[in-house]
>>> print(open('query-v9.cif').read())   # mmCIF, C-alpha atoms
data_final
#
loop_
_atom_site.label_atom_id
_atom_site.label_comp_id
_atom_site.auth_asym_id
_atom_site.auth_seq_id
_atom_site.Cartn_x
_atom_site.Cartn_y
_atom_site.Cartn_z
CA MET J 39 17.24 -21.85 -6.66
CA SER J 40 17.17 -22.21 -2.90
CA SER J 41 13.73 -22.88 -1.43
CA VAL J 42 15.01 -21.85 2.01
CA ILE J 43 16.12 -18.43 0.76
CA MET J 44 12.85 -18.05 -1.16
CA ALA J 45 10.95 -18.81 2.06
CA GLN J 46 13.06 -16.20 3.87
CA GLY J 47 12.17 -13.68 1.18
CA PHE J 48 8.48 -14.58 1.46
CA VAL J 49 8.42 -14.13 5.25
CA LEU J 50 10.37 -10.87 5.16
CA GLY J 51 8.28 -9.55 2.26
CA ALA J 52 5.06 -10.41 4.10
CA SER J 53 6.29 -8.68 7.26
CA MET J 54 6.80 -5.49 5.22
CA ILE J 55 3.50 -5.66 3.31
CA ILE J 56 0.94 -6.92 5.85
CA PRO J 57 1.06 -4.03 8.42
CA ILE J 58 -1.87 -1.83 7.39
CA GLY J 59 -1.07 1.26 5.39
CA ALA J 60 -2.45 3.26 2.48
CA GLN J 61 -2.14 0.37 0.02
CA ASN J 62 -3.86 -2.16 2.26
CA ALA J 63 -6.62 0.27 3.20
CA TYR J 64 -7.33 0.97 -0.47
CA VAL J 65 -7.35 -2.72 -1.43
CA LEU J 66 -9.61 -3.49 1.54
CA ASN J 67 -12.12 -0.77 0.63
CA GLN J 68 -12.24 -1.80 -3.02
CA GLY J 69 -12.77 -5.40 -1.93
CA ILE J 70 -15.64 -4.48 0.38
CA LYS J 71 -17.30 -2.55 -2.48
CA ARG J 72 -16.36 -5.27 -5.02
CA ASN J 73 -15.34 -2.38 -7.22
CA HIS J 74 -12.64 -3.73 -9.59
CA HIS J 75 -11.04 -5.27 -6.51
CA LEU J 76 -9.05 -7.91 -8.41
CA THR J 77 -7.72 -5.22 -10.75
CA THR J 78 -6.62 -3.28 -7.66
CA ALA J 79 -4.91 -6.31 -6.12
CA THR J 80 -3.16 -7.12 -9.40
CA LEU J 81 -1.88 -3.59 -9.94
CA CYS J 82 -0.63 -3.20 -6.35
CA SER J 83 1.15 -6.56 -6.61
CA PHE J 84 2.87 -5.70 -9.89
CA LEU J 85 3.89 -2.28 -8.60
CA ASP J 86 5.45 -3.95 -5.56
CA VAL J 87 7.28 -6.35 -7.89
CA PHE J 88 8.59 -3.37 -9.86
CA PHE J 89 9.93 -1.55 -6.80
CA ILE J 90 11.27 -4.72 -5.18
CA SER J 91 13.18 -5.45 -8.39
CA ILE J 92 14.64 -1.95 -8.41
CA GLY J 93 15.78 -2.33 -4.81
CA ILE J 94 17.20 -5.84 -4.96
CA PHE J 95 18.93 -5.39 -8.30
CA GLY J 96 20.73 -2.16 -7.51
CA GLY J 97 18.40 0.83 -7.31
CA GLY J 98 18.20 1.26 -3.54
CA ALA J 99 21.03 3.80 -3.46
CA LEU J 100 18.98 6.13 -5.68
CA PHE J 101 16.61 6.87 -2.80
CA THR J 102 19.07 6.70 0.07
CA GLN J 103 21.50 9.14 -1.57
CA ASN J 104 19.07 11.53 -3.31
CA GLN J 105 17.60 13.66 -0.54
CA THR J 106 15.68 15.90 -2.94
CA LEU J 107 13.87 12.96 -4.54
CA LEU J 108 13.09 11.45 -1.14
CA THR J 109 11.77 14.79 0.14
CA VAL J 110 9.51 15.32 -2.88
CA VAL J 111 8.07 11.81 -2.57
CA THR J 112 7.57 12.28 1.19
CA LEU J 113 5.74 15.62 0.75
CA GLY J 114 3.50 14.03 -1.86
CA GLY J 115 2.82 11.17 0.51
CA ILE J 116 1.95 13.51 3.40
CA ALA J 117 -0.53 15.41 1.22
CA PHE J 118 -2.13 12.25 -0.12
CA LEU J 119 -2.35 10.48 3.25
CA SER J 120 -3.93 13.56 4.84
CA PHE J 121 -6.49 13.80 2.02
CA TYR J 122 -7.24 10.07 2.25
CA GLY J 123 -7.70 10.39 6.03
CA ILE J 124 -10.13 13.30 5.62
CA LEU J 125 -12.16 11.31 3.08
CA SER J 126 -12.32 8.35 5.47
CA LEU J 127 -13.51 10.54 8.34
CA ARG J 128 -16.09 12.16 6.10
CA SER J 129 -17.33 8.72 5.09
CA ALA J 130 -17.45 7.58 8.72
CA PHE J 131 -19.56 10.47 10.01
CA GLN J 132 -21.93 11.15 7.14
CA SER J 133 -25.61 10.35 7.73
CA ALA J 134 -27.06 6.96 6.89
CA SER J 135 -29.06 8.36 3.96
CA ASP J 136 -26.01 10.12 2.59
CA SER J 137 -24.00 6.94 3.08
CA SER J 138 -26.38 4.76 1.08
CA GLN J 139 -26.49 7.39 -1.65
CA SER J 140 -22.72 7.79 -1.77
CA GLU J 141 -22.14 4.03 -2.00
CA SER J 142 -23.49 4.08 -5.54
CA THR J 143 -21.44 7.11 -6.51
CA GLN J 144 -18.27 5.64 -4.98
CA LEU J 145 -18.35 2.70 -7.39
CA ARG J 146 -15.88 4.17 -9.81
CA GLY J 147 -14.77 3.12 -13.26
CA ARG J 148 -11.69 0.99 -13.89
CA LYS J 149 -9.52 4.00 -14.85
CA ALA J 150 -10.36 5.83 -11.62
CA VAL J 151 -9.67 2.70 -9.56
CA ILE J 152 -6.31 2.24 -11.30
CA ALA J 153 -5.44 5.90 -10.69
CA GLY J 154 -6.23 5.45 -6.99
CA ALA J 155 -4.06 2.32 -6.76
CA LEU J 156 -1.19 4.18 -8.43
CA ALA J 157 -1.58 7.06 -5.99
CA VAL J 158 -1.56 4.93 -2.81
CA THR J 159 1.52 3.13 -4.12
CA VAL J 160 3.68 5.72 -5.88
CA LEU J 161 2.90 8.50 -3.34
CA ASN J 162 3.63 6.21 -0.39
CA PRO J 163 7.13 6.92 0.98
CA HIS J 164 6.94 3.86 3.22
CA LEU J 165 6.74 1.67 0.12
CA TYR J 166 10.09 3.00 -1.07
CA LEU J 167 11.60 2.47 2.36
CA ASP J 168 10.25 -1.09 2.68
CA THR J 169 10.69 -2.41 -0.85
CA VAL J 170 13.53 -0.40 -2.35
CA VAL J 171 15.73 0.38 0.64
CA ILE J 172 15.19 -2.41 3.21
CA LEU J 173 14.38 -5.37 0.95
CA GLY J 174 16.89 -4.03 -1.58
CA SER J 175 19.72 -3.86 0.94
CA ILE J 176 19.00 -7.37 2.25
CA GLY J 177 18.47 -8.93 -1.18
CA GLY J 178 21.58 -7.24 -2.51
CA GLN J 179 23.68 -9.32 -0.13
CA PHE J 180 22.85 -12.48 -2.08
CA GLU J 181 24.54 -13.47 -5.31
CA GLY J 182 23.35 -15.15 -8.50
CA SER J 183 20.48 -17.62 -8.17
CA GLU J 184 20.15 -16.94 -4.43
CA ARG J 185 19.33 -13.29 -5.12
CA TRP J 186 16.66 -14.39 -7.60
CA SER J 187 15.26 -16.82 -4.99
CA PHE J 188 15.01 -14.07 -2.40
CA ALA J 189 13.42 -11.68 -4.89
CA LEU J 190 10.83 -14.25 -6.01
CA GLY J 191 9.94 -14.99 -2.39
CA THR J 192 9.28 -11.32 -1.60
CA MET J 193 7.29 -10.87 -4.82
CA LEU J 194 5.18 -13.96 -4.10
CA ALA J 195 4.34 -12.56 -0.66
CA SER J 196 2.93 -9.44 -2.31
CA PHE J 197 0.66 -11.38 -4.67
CA VAL J 198 -0.56 -13.78 -1.95
CA TRP J 199 -1.34 -10.95 0.50
CA PHE J 200 -3.08 -8.54 -1.84
CA TYR J 201 -5.23 -11.22 -3.47
CA ALA J 202 -6.11 -12.73 -0.08
CA LEU J 203 -7.04 -9.30 1.28
CA SER J 204 -9.06 -8.37 -1.80
CA ILE J 205 -10.94 -11.66 -2.13
CA GLY J 206 -11.46 -11.93 1.63
CA ALA J 207 -12.91 -8.40 1.80
CA ALA J 208 -15.21 -9.17 -1.14
CA LYS J 209 -16.42 -12.39 0.52
CA LEU J 210 -17.04 -10.57 3.81
CA GLY J 211 -18.48 -7.53 2.05
CA PRO J 212 -22.04 -7.93 3.42
CA VAL J 213 -20.68 -7.98 7.00
CA LEU J 214 -18.02 -5.31 6.55
CA SER J 215 -20.53 -3.03 4.78
CA ARG J 216 -22.82 -2.83 7.81
CA PRO J 217 -23.01 0.82 8.96
CA ALA J 218 -21.41 0.27 12.38
CA VAL J 219 -18.62 -1.94 11.01
CA LYS J 220 -17.96 0.34 8.05
CA LYS J 221 -17.85 3.39 10.34
CA SER J 222 -15.29 1.67 12.57
CA ILE J 223 -13.14 0.69 9.58
CA ASP J 224 -13.27 4.24 8.18
CA ILE J 225 -12.26 5.73 11.54
CA VAL J 226 -9.38 3.28 11.99
CA VAL J 227 -8.16 3.90 8.44
CA ALA J 228 -8.34 7.68 8.96
CA ILE J 229 -6.38 7.47 12.23
CA ILE J 230 -3.69 5.32 10.58
CA MET J 231 -3.39 7.70 7.63
CA PHE J 232 -3.04 10.72 9.94
CA ILE J 233 -0.47 8.95 12.12
CA ILE J 234 1.65 8.00 9.11
CA ALA J 235 1.39 11.55 7.72
CA ALA J 236 2.41 12.98 11.12
CA MET J 237 5.38 10.58 11.35
CA LEU J 238 6.55 11.57 7.88
CA THR J 239 6.19 15.27 8.75
CA LYS J 240 8.17 14.77 11.97
CA GLU J 241 10.88 12.98 10.02
CA LEU J 242 11.21 15.87 7.55
CA LEU J 243 11.30 18.40 10.42
CA SER J 244 13.99 16.41 12.23
CA ARG J 245 16.12 16.51 9.09
CA GLY J 246 15.55 20.26 8.71
CA LEU J 247 13.78 19.81 5.36
CA LEU J 248 10.62 21.67 6.37
#
>>> encode(input="query-v9.cif", output="structure tokens")
Amino acid sequence: MSSVIMAQGFVLGASMIIPIGAQNAYVLNQGIKRNHHLTTATLCSFLDVFFISIGIFGGGALFTQNQTLLTVVTLGGIAFLSFYGILSLRSAFQSASDSSQSESTQLRGRKAVIAGALAVTVLNPHLYLDTVVILGSIGGQFEGSERWSFALGTMLASFVWFYALSIGAAKLGPVLSRPAVKKSIDIVVAIIMFIIAAMLTKELLSRGLL
């Protein structure tokens, strides 16, 4: 296996994963709360590995050629991102007493945390674009062991980033949980979610699918 190609895969994979989105926001919040944060990081990493594998080893055309499937996934993503943004705004502007009370109720069980991680991943159209289509089209240009090297590099980037984000958020939890800091994070996350949802809606409108 080529270490150079693996490094290329790692850098490209990181460039796709690191820009904040629904997945990163969810991992960050679970890390701050220390609420099954390592489970969240593990699941998001393995889901990325699954979709990267589909893309690099031949499944990218499924999404680029099937407009109905892409539209359904995009609509689901718009609905979820909008809902997530509303929840973040609600969290940002609730009173201090309500905030302290809700912190205890927001510590959810493992099954609920896993369901949330699945939602921010599977209902995220950008994930399909980044992992299946873009990484898939680039990785598909390699042959044999070089393709495996590229794939392993991109997969490693996912594990390194999500665990670093989760553990880092947990370590900085006392600082990030301060009311002013938490409010700022919630507002930023909400704005990002609304922007992504608006971009996806605009894309569907431009294609005449809405």
>>> residues_around(input="query-v9.cif", residues="segment 204-216 of chain J", least_positions_apart="6", cutoff="8 Å", atoms="all atoms listed in the file", output="list in words")
Val65, Leu66, Asn67, Gln68, Gly69, Ile70, Lys71, Arg72, His75, Leu76 and Ala79 of chain J
>>> residues_around(input="query-v9.cif", residues="Met193 of chain J", least_positions_apart="6", cutoff="8 Å", atoms="all atoms listed in the file", output="list in words")
Phe48, Gly51, Ser83, Asp86, Val87 and Ile90 of chain J
>>> resolve_selection(input="query-v9.cif", expression="the PyMOL selection byres ((chain J and resi 171-181) around 9)", output="PyMOL selection string")
chain J and resi 47+50-51+54+90-99+101-102+166-170+182-186+188-189+192
>>> closest_residue(input="query-v9.cif", among="J:Gln105, J:Thr77, J:Gln61, J:Ser187", to="Leu165 of chain J", atoms="all atoms listed in the file")
J:Gln61
>>> residues_around(input="query-v9.cif", residues="segment 122-131 of chain J", least_positions_apart="2", cutoff="9 Å", atoms="only C-alpha atoms", output="list in words")
Ala60, Ala117, Phe118, Leu119, Ser120, Ser133, Ala134, Ser137, Ser140, Pro217, Lys220, Lys221, Ser222, Ile223, Asp224, Ile225, Val226, Val227, Ala228, Ile229, Ile230, Met231 and Phe232 of chain J
>>> residues_around(input="query-v9.cif", residues="segment 107-116 of chain J", least_positions_apart="3", cutoff="9 Å", atoms="all atoms listed in the file", output="ChimeraX atom specification")
/J:100-104,119-121,157-158,160-164,166,231-232,234-236,238-239,242,247
>>> closest_residue(input="query-v9.cif", among="J:Ala63, J:Ile43, J:Leu243, J:Ile56", to="Gly191 of chain J", atoms="all atoms listed in the file")
J:Ile43
